[in-house]
Amino acid sequence: MKRATNFKELPADLLRWSCDLEKIPFRTTDECKPCEGIIGQERALKAIQTGLEIKSLGYNIFITGMVGTGRTTTIKKLLEKMEKGDITPDDLLYVNNFKNPDEPTLVTLPAGKGKLFKEVIENLIEMLKTTVPEMLKSKYYSEKRDSIVESQQRKQKEILKSFEAEVAEQGFSVIQVQMGLFVKPDLVPLINGQPTPFNKLEELVKQGEFPKEKLEELSKKYEELTDKLEEIFERMKEIEEETRKQLKKWDAESITPIITGAINEIRSKFNYPKISDYLNEIENNLIRNIDLFKGQKKEGREMEPMDPFAAFRVNLLIDNSDVKGSPVIMETNPNYINLFGSIELVSSRYGIIQTDFTKIKAGSLLKANGGYLVINALDALIEPGVWPTLKRTLRNQKLEIQNYASLFLISPTRLKPQPVKCNVKVAMIGDAYIYNILYYMDEDFKKIFKVKAEFDSEMKKDNKTAKEYGTFIKKITDDDKLTPFDKSGIAAVIEYGTRLAGRQKKISTRFHIIADVLREANYWAQKDKKKTVSREHVEKAIKERFERVSLVEDKIQEFIEEGTIMIDTDGKVIGQVNGLSVYLMGEFAFGKPTRITASTAVGRAGVINIEREADLSGRTHNKGVLILGGYLRGKYAQKKPFSLSASIAFEQSYSGVEGDSASSTEVYAILSSLSKLPLRQDIAVTGSLNQKGEIQPIGGVNEKIEGFFEVCKAKGLTGKQGVIIPHQNVQNLMLRNDVVEAVKKSKFHVYPVKSIDEGVEILTEVKAGQRKKDGTFEEGTVNYLVDQELQRLAKSWKTFAAEPEKGKEKESE
């Protein structure tokens, strides 16, 4: 065999990027200023600025990005700057529509005027409630009123007196007859000066004591006088009606100057056409309803006592008296009522539902009218009725406030306020998934959210990075009153930011995670009673953060150490290799080795993915297995049939496999099984594969290396153990310090490879072998042994397939 030696190995200084303390321009964070701007989001800032400054229809902003990248903080800071110099929006008021009370009238006034107008109307009502009753009690009013009443009563008495005299001449008298609850005037004959009813006269006639002719004469006169009596009482009613009209006219004459004078004073202060029309309506209705000032009418038993002057009051919907510039509203609970307002319903003690224009309430959308509204996309989408109403409002730029119950076809009362013209710039904060769903599934979305601002989770690392991170650390220490960080502490935070980014040339912008690390590092520094936070405290905080949630990792590690999960870290085995897997646990990820085995035999099944057959393989893993099959056919089956049945499996894997990072590992296992060359068990492998045999980069390289290192350390470092990784992943390395130290001391190794041939040489310690001009491979190499075995399998298949054919020929003879 041609032995392979001198494998390319990564030096320790390439396994981790270290922050140069000289590039940190201050000794502690006390010497720097806190950051005021947004770090590392130039693209998003430019997009947001464009969306905010374009005032055309539909230029609302949808902000995407990972949580903690500064989306909310950024939009809030930019909006605060946008406020300056802008015009403050108008106040919004609803007043009673006296002609159609079900459709309240909308009134707009300059900022601050709405509050004044409401106060003026309230003062007007209170003044009239006091002044008018006092005037009604005045001597001037009473004398005139009494004069009218007496004059009219005198007319009635004269008419009655004249009629009574006429009746007396005819021998009759006017009496009052009780009929149930009412009294009715009637006529009775006078016999010998005494009123005598007709029924008594009829009895006297029967007894012969009264002439029948006289009774008939009286009856005839009674009918004539009764008709005249009806005419008299009709005249009396007319006089009473005339009295009421005169009294009402007097009320108007006496009270109108008070009402008109007060309203004219208001009209002079609020010279607006809509206000003028409304004041005219108030004046006319107050004069028509002067009885309101004479005492409240008794409500029916089924009604609640209500304010008799409610119809004349003002509902100040939006008061911008304390607002300067465009309002900025951050709505953290964007349900229907909070966003769009409501019409409140009041239930009486008898269950009667009542409402009016004073019960109309504004939501955040109207509070932000003329300004900016920021909401969370997911919160808005899951709330019933919010998204359709928001779309309709932004598209039509009008908001119709309605009762929330009407969305569910339950509306006990009908109230349709005039729609409000709505000019709001909306910024929705969500993620790319929500944005894509809305963009492709909702035709209106792309018309009303024309600006997309994408926040990156990482930024390029340059000479300004250390200073920017330092200013951010300063901001958090100031806000949370933390202990200052020294240079080593700042450097440790920057290095952790690089680890989060997953690339040595990048650094994370997920500042909520960084801020949590700062707070926890401060905690450990205070426990040590230190005046500054240094590297050891930051590293302690990071370690403790992972230990809090690493129960699953610890359990798997225990199973490996006990031998329950079988992993070898020394020796050699044919068809068996240590693959590297990453477990994603939500809060964190960790890596651990997994045994991958391959078994080969003659056949035409190709590569059998046992995980797929057991329905435990994801789509990407299935693709990786198909690619490695293509690689094997392309390299070894150009001049012979591919008569191979090879099965590959992740041993002791019961929860499914996804990703193609083990495809190169699976190839090594198959090549070992075919060549009968054992693979080193002290080496773990990761790397994706293409059909040309090139190794491709993978994710989670740091977690994978550290996971195998933990296993090797637990079982004992021999100085030979290590990992094979794609060469492209060298730029992603940010390994823990203990791993780097082990590599420095040659107790652990990291091998970058570019191709399958490089990897198989490390695992077998045998030359891979190049293809010669005649198409064969160099003898004594891995590829030569594989090619020979595949030829043997092809011949075996040919022989096996030919025997049944010969048997059929003999039977036919």
# chains A, B, ... in the order shown; residues from 1 in each chain; ligands from 1
>>> residues_around(residues="region 378-388 of chain A", least_positions_apart="4", cutoff="6 Å", atoms="only C-alpha atoms", output="PDB file with C-alpha atoms, in the first residue's frame")
ATOM      1  CA  PRO A 334     -52.786  46.218  17.988  1.00  0.00           C
ATOM      2  CA  ASN A 335     -56.201  44.653  18.483  1.00  0.00           C
ATOM      3  CA  TYR A 336     -59.219  46.044  16.643  1.00  0.00           C
TER       4      TYR A 336
END
>>> closest_residue(among="A:Lys450, A:Lys754, A:Arg736, A:Lys81", to="Asn690 (chain A)", atoms="only C-alpha atoms")
A:Lys754
>>> select_by_dssp(residues="region 125-198 of chain A", states="strand (DSSP E or B)", output="mmCIF file with N, CA, C and O atoms, in the first residue's frame")
data_model
loop_
_atom_site.group_PDB
_atom_site.id
_atom_site.type_symbol
_atom_site.label_atom_id
_atom_site.label_comp_id
_atom_site.auth_asym_id
_atom_site.auth_seq_id
_atom_site.Cartn_x
_atom_site.Cartn_y
_atom_site.Cartn_z
ATOM 1 N N PHE A 172 -131.972 77.312 31.974
ATOM 2 C CA PHE A 172 -130.981 76.240 32.194
ATOM 3 C C PHE A 172 -129.839 76.759 33.058
ATOM 4 O O PHE A 172 -129.627 77.974 33.192
ATOM 5 N N SER A 173 -129.071 75.794 33.607
ATOM 6 C CA SER A 173 -127.892 76.121 34.407
ATOM 7 C C SER A 173 -126.742 75.208 33.970
ATOM 8 O O SER A 173 -126.958 74.037 33.590
ATOM 9 N N VAL A 174 -125.496 75.741 34.025
ATOM 10 C CA VAL A 174 -124.298 74.970 33.635
ATOM 11 C C VAL A 174 -123.759 74.262 34.876
ATOM 12 O O VAL A 174 -123.519 74.908 35.910
ATOM 13 N N ILE A 175 -123.583 72.951 34.782
ATOM 14 C CA ILE A 175 -123.026 72.170 35.890
ATOM 15 C C ILE A 175 -121.846 71.333 35.387
ATOM 16 O O ILE A 175 -121.668 71.153 34.176
ATOM 17 N N GLN A 176 -121.043 70.815 36.333
ATOM 18 C CA GLN A 176 -119.918 69.935 35.989
ATOM 19 C C GLN A 176 -120.297 68.513 36.390
ATOM 20 O O GLN A 176 -120.621 68.243 37.549
ATOM 21 N N VAL A 177 -120.203 67.586 35.424
ATOM 22 C CA VAL A 177 -120.612 66.203 35.649
ATOM 23 C C VAL A 177 -119.354 65.308 35.664
ATOM 24 O O VAL A 177 -118.542 65.369 34.732
ATOM 25 N N GLN A 178 -119.192 64.506 36.716
ATOM 26 C CA GLN A 178 -118.055 63.592 36.835
ATOM 27 C C GLN A 178 -118.307 62.363 35.968
ATOM 28 O O GLN A 178 -119.292 61.653 36.162
ATOM 29 N N MET A 179 -117.348 62.107 35.026
ATOM 30 C CA MET A 179 -117.442 60.920 34.149
ATOM 31 C C MET A 179 -116.136 60.146 34.244
ATOM 32 O O MET A 179 -115.172 60.439 33.530
ATOM 33 N N PHE A 182 -112.663 62.000 34.446
ATOM 34 C CA PHE A 182 -112.760 63.326 33.851
ATOM 35 C C PHE A 182 -114.058 64.021 34.268
ATOM 36 O O PHE A 182 -115.026 63.398 34.673
ATOM 37 N N VAL A 183 -114.039 65.362 34.123
ATOM 38 C CA VAL A 183 -115.213 66.206 34.417
ATOM 39 C C VAL A 183 -115.660 66.850 33.115
ATOM 40 O O VAL A 183 -114.849 67.424 32.383
ATOM 41 N N LYS A 184 -117.003 66.759 32.846
ATOM 42 C CA LYS A 184 -117.528 67.305 31.603
ATOM 43 C C LYS A 184 -118.644 68.308 31.918
ATOM 44 O O LYS A 184 -119.535 68.008 32.741
ATOM 45 N N PRO A 185 -118.634 69.494 31.317
ATOM 46 C CA PRO A 185 -119.725 70.461 31.554
ATOM 47 C C PRO A 185 -121.032 69.983 30.907
ATOM 48 O O PRO A 185 -120.996 69.359 29.854
ATOM 49 N N ASP A 186 -122.150 70.290 31.559
ATOM 50 C CA ASP A 186 -123.452 69.886 31.013
ATOM 51 C C ASP A 186 -124.500 70.940 31.429
ATOM 52 O O ASP A 186 -124.249 71.781 32.300
ATOM 53 N N LEU A 187 -125.703 70.839 30.825
ATOM 54 C CA LEU A 187 -126.798 71.769 31.092
ATOM 55 C C LEU A 187 -127.946 71.020 31.771
ATOM 56 O O LEU A 187 -128.289 69.897 31.373
ATOM 57 N N VAL A 188 -128.556 71.668 32.778
ATOM 58 C CA VAL A 188 -129.750 71.097 33.429
ATOM 59 C C VAL A 188 -130.821 72.201 33.531
ATOM 60 O O VAL A 188 -130.498 73.377 33.722
ATOM 61 N N PRO A 189 -132.072 71.833 33.392
ATOM 62 C CA PRO A 189 -133.149 72.841 33.488
ATOM 63 C C PRO A 189 -133.260 73.403 34.915
ATOM 64 O O PRO A 189 -132.940 72.705 35.881
ATOM 65 N N LEU A 190 -133.722 74.674 35.031
ATOM 66 C CA LEU A 190 -133.979 75.309 36.319
ATOM 67 C C LEU A 190 -135.502 75.320 36.539
ATOM 68 O O LEU A 190 -136.256 75.967 35.790
ATOM 69 N N ILE A 191 -135.953 74.608 37.544
ATOM 70 C CA ILE A 191 -137.373 74.549 37.869
ATOM 71 C C ILE A 191 -137.553 75.154 39.254
ATOM 72 O O ILE A 191 -136.981 74.646 40.239
ATOM 73 N N GLN A 194 -134.309 75.832 40.975
ATOM 74 C CA GLN A 194 -133.481 74.704 41.383
ATOM 75 C C GLN A 194 -133.107 73.860 40.156
ATOM 76 O O GLN A 194 -133.976 73.549 39.332
ATOM 77 N N PRO A 195 -131.807 73.454 40.010
ATOM 78 C CA PRO A 195 -131.421 72.577 38.894
ATOM 79 C C PRO A 195 -132.096 71.223 39.041
ATOM 80 O O PRO A 195 -132.006 70.596 40.099
#
>>> atom_distance(atom1="CA of Thr498 (chain A)", atom2="CA of Cys32 (chain A)")
21.7 Å
>>> select_by_dssp(residues="region 81-242 of chain A", states="helix (DSSP H, G or I)", output="compact mmCIF listing (two decimals) with N, CA and C atoms, in the first residue's frame")
# COMPACT_ATOMS: atom_id res chain seq x y z
N LYS A 81 -36.78 61.91 15.07
CA LYS A 81 -36.09 62.97 14.31
C LYS A 81 -37.03 63.58 13.27
N MET A 82 -37.91 62.74 12.69
CA MET A 82 -38.82 63.24 11.66
C MET A 82 -39.85 64.22 12.23
N GLU A 83 -40.11 64.17 13.53
CA GLU A 83 -41.12 65.04 14.14
C GLU A 83 -40.79 66.52 13.94
N LYS A 113 -57.48 73.82 19.34
CA LYS A 113 -58.77 74.51 19.26
C LYS A 113 -59.91 73.60 19.68
N GLY A 114 -59.74 72.30 19.46
CA GLY A 114 -60.80 71.35 19.80
C GLY A 114 -61.08 71.34 21.29
N LYS A 115 -60.02 71.35 22.07
CA LYS A 115 -60.17 71.36 23.52
C LYS A 115 -60.86 72.64 23.98
N LEU A 116 -60.47 73.77 23.38
CA LEU A 116 -61.08 75.05 23.74
C LEU A 116 -62.56 75.06 23.37
N PHE A 117 -62.88 74.53 22.18
CA PHE A 117 -64.27 74.53 21.73
C PHE A 117 -65.13 73.66 22.65
N LYS A 118 -64.61 72.52 23.04
CA LYS A 118 -65.34 71.65 23.96
C LYS A 118 -65.60 72.38 25.29
N GLU A 119 -64.58 73.05 25.80
CA GLU A 119 -64.72 73.79 27.06
C GLU A 119 -65.75 74.90 26.93
N VAL A 120 -65.73 75.59 25.78
CA VAL A 120 -66.66 76.70 25.56
C VAL A 120 -68.10 76.19 25.52
N ILE A 121 -68.34 75.06 24.84
CA ILE A 121 -69.69 74.49 24.76
C ILE A 121 -70.15 74.02 26.14
N GLU A 122 -69.22 73.39 26.89
CA GLU A 122 -69.57 72.96 28.25
C GLU A 122 -69.94 74.17 29.11
N ASN A 123 -69.16 75.23 28.99
CA ASN A 123 -69.45 76.46 29.75
C ASN A 123 -70.79 77.06 29.34
N LEU A 124 -71.06 77.00 28.02
CA LEU A 124 -72.34 77.52 27.51
C LEU A 124 -73.51 76.79 28.17
N ILE A 125 -73.42 75.45 28.18
CA ILE A 125 -74.52 74.64 28.74
C ILE A 125 -74.68 74.94 30.23
N GLU A 126 -73.56 74.99 30.96
CA GLU A 126 -73.62 75.25 32.40
C GLU A 126 -74.17 76.65 32.67
N MET A 127 -73.77 77.60 31.83
CA MET A 127 -74.26 78.97 32.01
C MET A 127 -75.77 79.03 31.77
N LEU A 128 -76.22 78.38 30.69
CA LEU A 128 -77.65 78.41 30.38
C LEU A 128 -78.46 77.67 31.44
N LYS A 129 -77.90 76.56 31.95
CA LYS A 129 -78.60 75.79 33.00
C LYS A 129 -78.79 76.62 34.26
N THR A 130 -77.92 77.61 34.47
CA THR A 130 -78.03 78.48 35.65
C THR A 130 -78.82 79.76 35.34
N THR A 131 -78.47 80.40 34.23
CA THR A 131 -79.03 81.71 33.90
C THR A 131 -80.50 81.65 33.52
N VAL A 132 -80.85 80.69 32.66
CA VAL A 132 -82.23 80.62 32.16
C VAL A 132 -83.22 80.34 33.29
N PRO A 133 -82.98 79.33 34.15
CA PRO A 133 -83.93 79.13 35.27
C PRO A 133 -84.05 80.35 36.17
N GLU A 134 -82.93 81.05 36.38
CA GLU A 134 -83.00 82.27 37.21
C GLU A 134 -83.86 83.33 36.55
N MET A 135 -83.69 83.44 35.24
CA MET A 135 -84.50 84.43 34.51
C MET A 135 -85.99 84.06 34.57
N LEU A 136 -86.26 82.73 34.50
CA LEU A 136 -87.65 82.26 34.55
C LEU A 136 -88.29 82.56 35.90
N LYS A 139 -88.94 88.60 38.41
CA LYS A 139 -90.20 89.34 38.48
C LYS A 139 -90.63 89.81 37.10
N TYR A 140 -89.66 90.24 36.32
CA TYR A 140 -89.94 90.71 34.95
C TYR A 140 -90.61 89.61 34.13
N TYR A 141 -90.06 88.42 34.18
CA TYR A 141 -90.61 87.30 33.41
C TYR A 141 -91.97 86.88 33.96
N SER A 142 -92.08 86.79 35.31
CA SER A 142 -93.30 86.30 35.94
C SER A 142 -94.47 87.25 35.69
N GLU A 143 -94.22 88.57 35.80
CA GLU A 143 -95.29 89.54 35.60
C GLU A 143 -95.84 89.46 34.18
N LYS A 144 -94.95 89.38 33.22
CA LYS A 144 -95.39 89.28 31.83
C LYS A 144 -96.15 87.99 31.58
N ARG A 145 -95.64 86.90 32.16
CA ARG A 145 -96.28 85.60 31.98
C ARG A 145 -97.66 85.62 32.65
N ASP A 146 -97.72 86.14 33.88
CA ASP A 146 -99.00 86.21 34.59
C ASP A 146 -99.99 87.09 33.83
N SER A 147 -99.47 88.16 33.25
CA SER A 147 -100.32 89.08 32.48
C SER A 147 -100.96 88.36 31.30
N ILE A 148 -100.13 87.55 30.62
CA ILE A 148 -100.65 86.80 29.47
C ILE A 148 -101.71 85.80 29.94
N VAL A 149 -101.41 85.11 31.00
CA VAL A 149 -102.34 84.10 31.51
C VAL A 149 -103.65 84.76 31.96
N GLU A 150 -103.54 85.86 32.71
CA GLU A 150 -104.74 86.55 33.21
C GLU A 150 -105.58 87.08 32.06
N SER A 151 -104.93 87.64 31.05
CA SER A 151 -105.64 88.19 29.90
C SER A 151 -106.43 87.10 29.20
N GLN A 152 -105.82 85.97 29.02
CA GLN A 152 -106.49 84.87 28.34
C GLN A 152 -107.59 84.29 29.20
N GLN A 153 -107.33 84.19 30.50
CA GLN A 153 -108.36 83.67 31.40
C GLN A 153 -109.57 84.61 31.43
N ARG A 154 -109.29 85.93 31.35
CA ARG A 154 -110.38 86.92 31.34
C ARG A 154 -111.28 86.71 30.13
N LYS A 155 -110.65 86.42 29.01
CA LYS A 155 -111.43 86.15 27.79
C LYS A 155 -112.33 84.94 27.99
N GLN A 156 -111.75 83.90 28.60
CA GLN A 156 -112.53 82.69 28.82
C GLN A 156 -113.71 82.96 29.76
N LYS A 157 -113.44 83.75 30.81
CA LYS A 157 -114.50 84.03 31.79
C LYS A 157 -115.63 84.85 31.15
N GLU A 158 -115.28 85.83 30.32
CA GLU A 158 -116.29 86.66 29.66
C GLU A 158 -117.17 85.81 28.76
N ILE A 159 -116.53 84.89 28.03
CA ILE A 159 -117.31 84.02 27.14
C ILE A 159 -118.23 83.12 27.96
N LEU A 160 -117.70 82.58 29.04
CA LEU A 160 -118.51 81.70 29.89
C LEU A 160 -119.65 82.48 30.55
N LYS A 161 -119.31 83.70 31.02
CA LYS A 161 -120.33 84.53 31.69
C LYS A 161 -121.48 84.87 30.73
N SER A 162 -121.12 85.25 29.51
CA SER A 162 -122.12 85.57 28.51
C SER A 162 -122.99 84.35 28.20
N PHE A 163 -122.34 83.17 28.10
CA PHE A 163 -123.08 81.95 27.78
C PHE A 163 -123.99 81.55 28.94
N GLU A 164 -123.48 81.71 30.17
CA GLU A 164 -124.28 81.35 31.34
C GLU A 164 -125.53 82.25 31.45
N ALA A 165 -125.35 83.53 31.10
CA ALA A 165 -126.49 84.44 31.13
C ALA A 165 -127.53 84.04 30.10
N GLU A 166 -127.08 83.68 28.93
CA GLU A 166 -127.97 83.23 27.86
C GLU A 166 -128.70 81.95 28.26
N VAL A 167 -127.96 81.07 28.89
CA VAL A 167 -128.54 79.79 29.32
C VAL A 167 -129.59 80.02 30.39
N ALA A 168 -129.29 80.97 31.32
CA ALA A 168 -130.22 81.26 32.40
C ALA A 168 -131.54 81.81 31.85
N GLU A 169 -131.45 82.65 30.83
CA GLU A 169 -132.64 83.19 30.21
C GLU A 169 -133.51 82.08 29.63
N PHE A 198 -133.23 65.92 33.81
CA PHE A 198 -134.31 65.50 32.92
C PHE A 198 -134.97 64.21 33.39
N ASN A 199 -134.24 63.29 33.99
CA ASN A 199 -134.84 62.03 34.43
C ASN A 199 -135.88 62.27 35.54
N LYS A 200 -135.61 63.28 36.37
CA LYS A 200 -136.57 63.61 37.45
C LYS A 200 -137.81 64.27 36.87
N LEU A 201 -137.60 65.14 35.84
CA LEU A 201 -138.72 65.79 35.18
C LEU A 201 -139.63 64.76 34.52
N GLU A 202 -138.98 63.72 33.92
CA GLU A 202 -139.77 62.67 33.27
C GLU A 202 -140.64 61.95 34.29
N GLU A 203 -140.15 61.74 35.51
CA GLU A 203 -140.94 61.10 36.55
C GLU A 203 -142.12 62.00 36.97
N LEU A 204 -141.80 63.33 37.04
CA LEU A 204 -142.87 64.28 37.41
C LEU A 204 -143.97 64.31 36.35
N VAL A 205 -143.53 64.17 35.07
CA VAL A 205 -144.53 64.15 33.99
C VAL A 205 -145.44 62.93 34.15
N LYS A 206 -144.86 61.79 34.47
CA LYS A 206 -145.64 60.57 34.66
C LYS A 206 -146.61 60.70 35.84
N GLN A 207 -146.18 61.47 36.85
CA GLN A 207 -147.04 61.66 38.03
C GLN A 207 -148.06 62.77 37.82
N LYS A 212 -146.19 67.94 30.08
CA LYS A 212 -145.38 67.23 29.08
C LYS A 212 -144.89 68.17 27.99
N GLU A 213 -145.69 69.16 27.61
CA GLU A 213 -145.32 70.11 26.57
C GLU A 213 -144.10 70.93 27.00
N LYS A 214 -144.12 71.26 28.31
CA LYS A 214 -142.98 72.04 28.85
C LYS A 214 -141.69 71.22 28.79
N LEU A 215 -141.79 69.89 29.07
CA LEU A 215 -140.61 69.02 29.02
C LEU A 215 -140.06 68.92 27.60
N GLU A 216 -141.00 68.80 26.65
CA GLU A 216 -140.56 68.72 25.24
C GLU A 216 -139.90 70.02 24.82
N GLU A 217 -140.46 71.14 25.29
CA GLU A 217 -139.86 72.45 24.96
C GLU A 217 -138.45 72.58 25.54
N LEU A 218 -138.32 72.14 26.79
CA LEU A 218 -136.99 72.17 27.43
C LEU A 218 -136.00 71.25 26.71
N SER A 219 -136.47 70.09 26.28
CA SER A 219 -135.58 69.15 25.56
C SER A 219 -135.09 69.76 24.26
N LYS A 220 -135.97 70.46 23.58
CA LYS A 220 -135.57 71.08 22.32
C LYS A 220 -134.54 72.18 22.55
N LYS A 221 -134.79 73.00 23.60
CA LYS A 221 -133.82 74.06 23.93
C LYS A 221 -132.49 73.45 24.38
N TYR A 222 -132.58 72.31 25.09
CA TYR A 222 -131.34 71.65 25.57
C TYR A 222 -130.44 71.26 24.39
N GLU A 223 -131.07 70.73 23.35
CA GLU A 223 -130.29 70.32 22.18
C GLU A 223 -129.63 71.53 21.52
N GLU A 224 -130.40 72.63 21.42
CA GLU A 224 -129.83 73.83 20.79
C GLU A 224 -128.67 74.39 21.62
N LEU A 225 -128.88 74.45 22.94
CA LEU A 225 -127.85 75.01 23.82
C LEU A 225 -126.63 74.09 23.93
N THR A 226 -126.87 72.78 23.84
CA THR A 226 -125.74 71.83 23.89
C THR A 226 -124.82 72.05 22.71
N ASP A 227 -125.40 72.25 21.53
CA ASP A 227 -124.56 72.52 20.35
C ASP A 227 -123.76 73.80 20.55
N LYS A 228 -124.42 74.79 21.16
CA LYS A 228 -123.72 76.06 21.40
C LYS A 228 -122.64 75.87 22.46
N LEU A 229 -122.93 74.97 23.44
CA LEU A 229 -121.94 74.67 24.49
C LEU A 229 -120.67 74.07 23.87
N GLU A 230 -120.86 73.18 22.91
CA GLU A 230 -119.69 72.58 22.24
C GLU A 230 -118.87 73.65 21.54
N GLU A 231 -119.60 74.61 20.90
CA GLU A 231 -118.88 75.68 20.21
C GLU A 231 -118.11 76.54 21.20
N ILE A 232 -118.76 76.76 22.38
CA ILE A 232 -118.09 77.58 23.40
C ILE A 232 -116.81 76.91 23.86
N PHE A 233 -116.89 75.60 24.09
CA PHE A 233 -115.69 74.92 24.60
C PHE A 233 -114.62 74.76 23.53
N GLU A 234 -115.01 74.68 22.27
CA GLU A 234 -114.01 74.72 21.21
C GLU A 234 -113.28 76.05 21.22
N ARG A 235 -114.06 77.10 21.48
CA ARG A 235 -113.46 78.44 21.57
C ARG A 235 -112.53 78.54 22.77
N MET A 236 -112.94 77.89 23.86
CA MET A 236 -112.10 77.88 25.07
C MET A 236 -110.77 77.17 24.80
N LYS A 237 -110.87 76.07 24.05
CA LYS A 237 -109.64 75.33 23.71
C LYS A 237 -108.72 76.19 22.84
N GLU A 238 -109.32 76.92 21.91
CA GLU A 238 -108.52 77.80 21.06
C GLU A 238 -107.81 78.85 21.90
N ILE A 239 -108.54 79.36 22.90
CA ILE A 239 -107.92 80.37 23.76
C ILE A 239 -106.76 79.75 24.55
N GLU A 240 -106.95 78.50 25.01
CA GLU A 240 -105.87 77.82 25.74
C GLU A 240 -104.66 77.60 24.84
N GLU A 241 -104.92 77.18 23.59
CA GLU A 241 -103.83 76.98 22.64
C GLU A 241 -103.13 78.30 22.35
N GLU A 242 -103.95 79.34 22.22
CA GLU A 242 -103.38 80.68 21.98
C GLU A 242 -102.54 81.11 23.17
>>> atom_distance(atom1="CA of Arg414 (chain A)", atom2="CA of Ala310 (chain A)")
17.9 Å
>>> atom_distance(atom1="CA of Gln41 (chain A)", atom2="CA of Thr69 (chain A)")
8.6 Å
>>> residues_around(residues="Leu14 (chain A)", least_positions_apart="3", cutoff="10 Å", atoms="only C-alpha atoms", output="list in words")
Leu10, Pro11, Trp17, Ser18, Gln504, Val730, Gln731, Asn732, Leu733, Met734, Leu735 and Val740 of chain A
>>> write_last_selection(atoms="N, CA and C atoms", output="PDB file, in the first residue's frame")
ATOM      1  N   LEU A  10      -4.543  22.740  10.233  1.00  0.00           N
ATOM      2  CA  LEU A  10      -4.692  24.165  10.538  1.00  0.00           C
ATOM      3  C   LEU A  10      -3.898  24.526  11.791  1.00  0.00           C
ATOM      4  N   PRO A  11      -3.130  25.620  11.741  1.00  0.00           N
ATOM      5  CA  PRO A  11      -2.456  26.092  12.958  1.00  0.00           C
ATOM      6  C   PRO A  11      -3.459  26.715  13.919  1.00  0.00           C
ATOM      7  N   TRP A  17     -10.532  34.007  15.820  1.00  0.00           N
ATOM      8  CA  TRP A  17     -10.115  35.401  15.639  1.00  0.00           C
ATOM      9  C   TRP A  17     -10.063  36.061  17.020  1.00  0.00           C
ATOM     10  N   SER A  18      -8.978  36.762  17.267  1.00  0.00           N
ATOM     11  CA  SER A  18      -8.808  37.451  18.550  1.00  0.00           C
ATOM     12  C   SER A  18      -8.778  38.948  18.318  1.00  0.00           C
ATOM     13  N   GLN A 504     -15.409  35.014  10.617  1.00  0.00           N
ATOM     14  CA  GLN A 504     -14.368  35.825  11.242  1.00  0.00           C
ATOM     15  C   GLN A 504     -14.339  37.259  10.729  1.00  0.00           C
ATOM     16  N   VAL A 730     -12.936  27.433   7.096  1.00  0.00           N
ATOM     17  CA  VAL A 730     -11.863  27.978   7.946  1.00  0.00           C
ATOM     18  C   VAL A 730     -12.211  29.402   8.379  1.00  0.00           C
ATOM     19  N   GLN A 731     -12.837  30.165   7.479  1.00  0.00           N
ATOM     20  CA  GLN A 731     -13.206  31.552   7.793  1.00  0.00           C
ATOM     21  C   GLN A 731     -14.321  31.631   8.836  1.00  0.00           C
ATOM     22  N   ASN A 732     -14.993  30.501   9.105  1.00  0.00           N
ATOM     23  CA  ASN A 732     -16.090  30.478  10.070  1.00  0.00           C
ATOM     24  C   ASN A 732     -15.647  30.067  11.464  1.00  0.00           C
ATOM     25  N   LEU A 733     -14.372  29.719  11.626  1.00  0.00           N
ATOM     26  CA  LEU A 733     -13.921  29.168  12.900  1.00  0.00           C
ATOM     27  C   LEU A 733     -13.797  30.246  13.975  1.00  0.00           C
ATOM     28  N   MET A 734     -14.466  29.998  15.096  1.00  0.00           N
ATOM     29  CA  MET A 734     -14.336  30.808  16.314  1.00  0.00           C
ATOM     30  C   MET A 734     -14.454  29.841  17.493  1.00  0.00           C
ATOM     31  N   LEU A 735     -13.478  28.960  17.583  1.00  0.00           N
ATOM     32  CA  LEU A 735     -13.537  27.872  18.561  1.00  0.00           C
ATOM     33  C   LEU A 735     -13.260  28.371  19.977  1.00  0.00           C
ATOM     34  N   VAL A 740      -8.632  25.539  21.178  1.00  0.00           N
ATOM     35  CA  VAL A 740      -7.448  26.165  20.567  1.00  0.00           C
ATOM     36  C   VAL A 740      -6.179  25.764  21.322  1.00  0.00           C
TER      37      VAL A 740
END
>>> closest_residue(among="A:Asn522, A:Thr509, A:Trp797, A:Gln681", to="Phe642 (chain A)", atoms="only C-alpha atoms")
A:Trp797
>>> residues_around(residues="Gln791 (chain A)", least_positions_apart="6", cutoff="12 Å", atoms="only C-alpha atoms", output="VMD selection string")
chain A and resid 602 636 to 644 674 to 675 776 784 to 785 797 to 798
>>> closest_residue(among="A:Lys23, A:Lys460, A:Lys274, A:Lys447", to="Leu109 (chain A)", atoms="only C-alpha atoms")
A:Lys274
>>> residues_around(residues="Arg392 (chain A)", least_positions_apart="6", cutoff="12 Å", atoms="only C-alpha atoms", output="list in words")
Gly58, Phe340, Gly385, Val386, Lys398, Leu399, Glu400, Cys422, Asp444, Phe445, Lys447 and Ile448 of chain A
>>> residues_around(residues="Ile556 (chain A)", least_positions_apart="3", cutoff="12 Å", atoms="only C-alpha atoms", output="count of residues only")
23
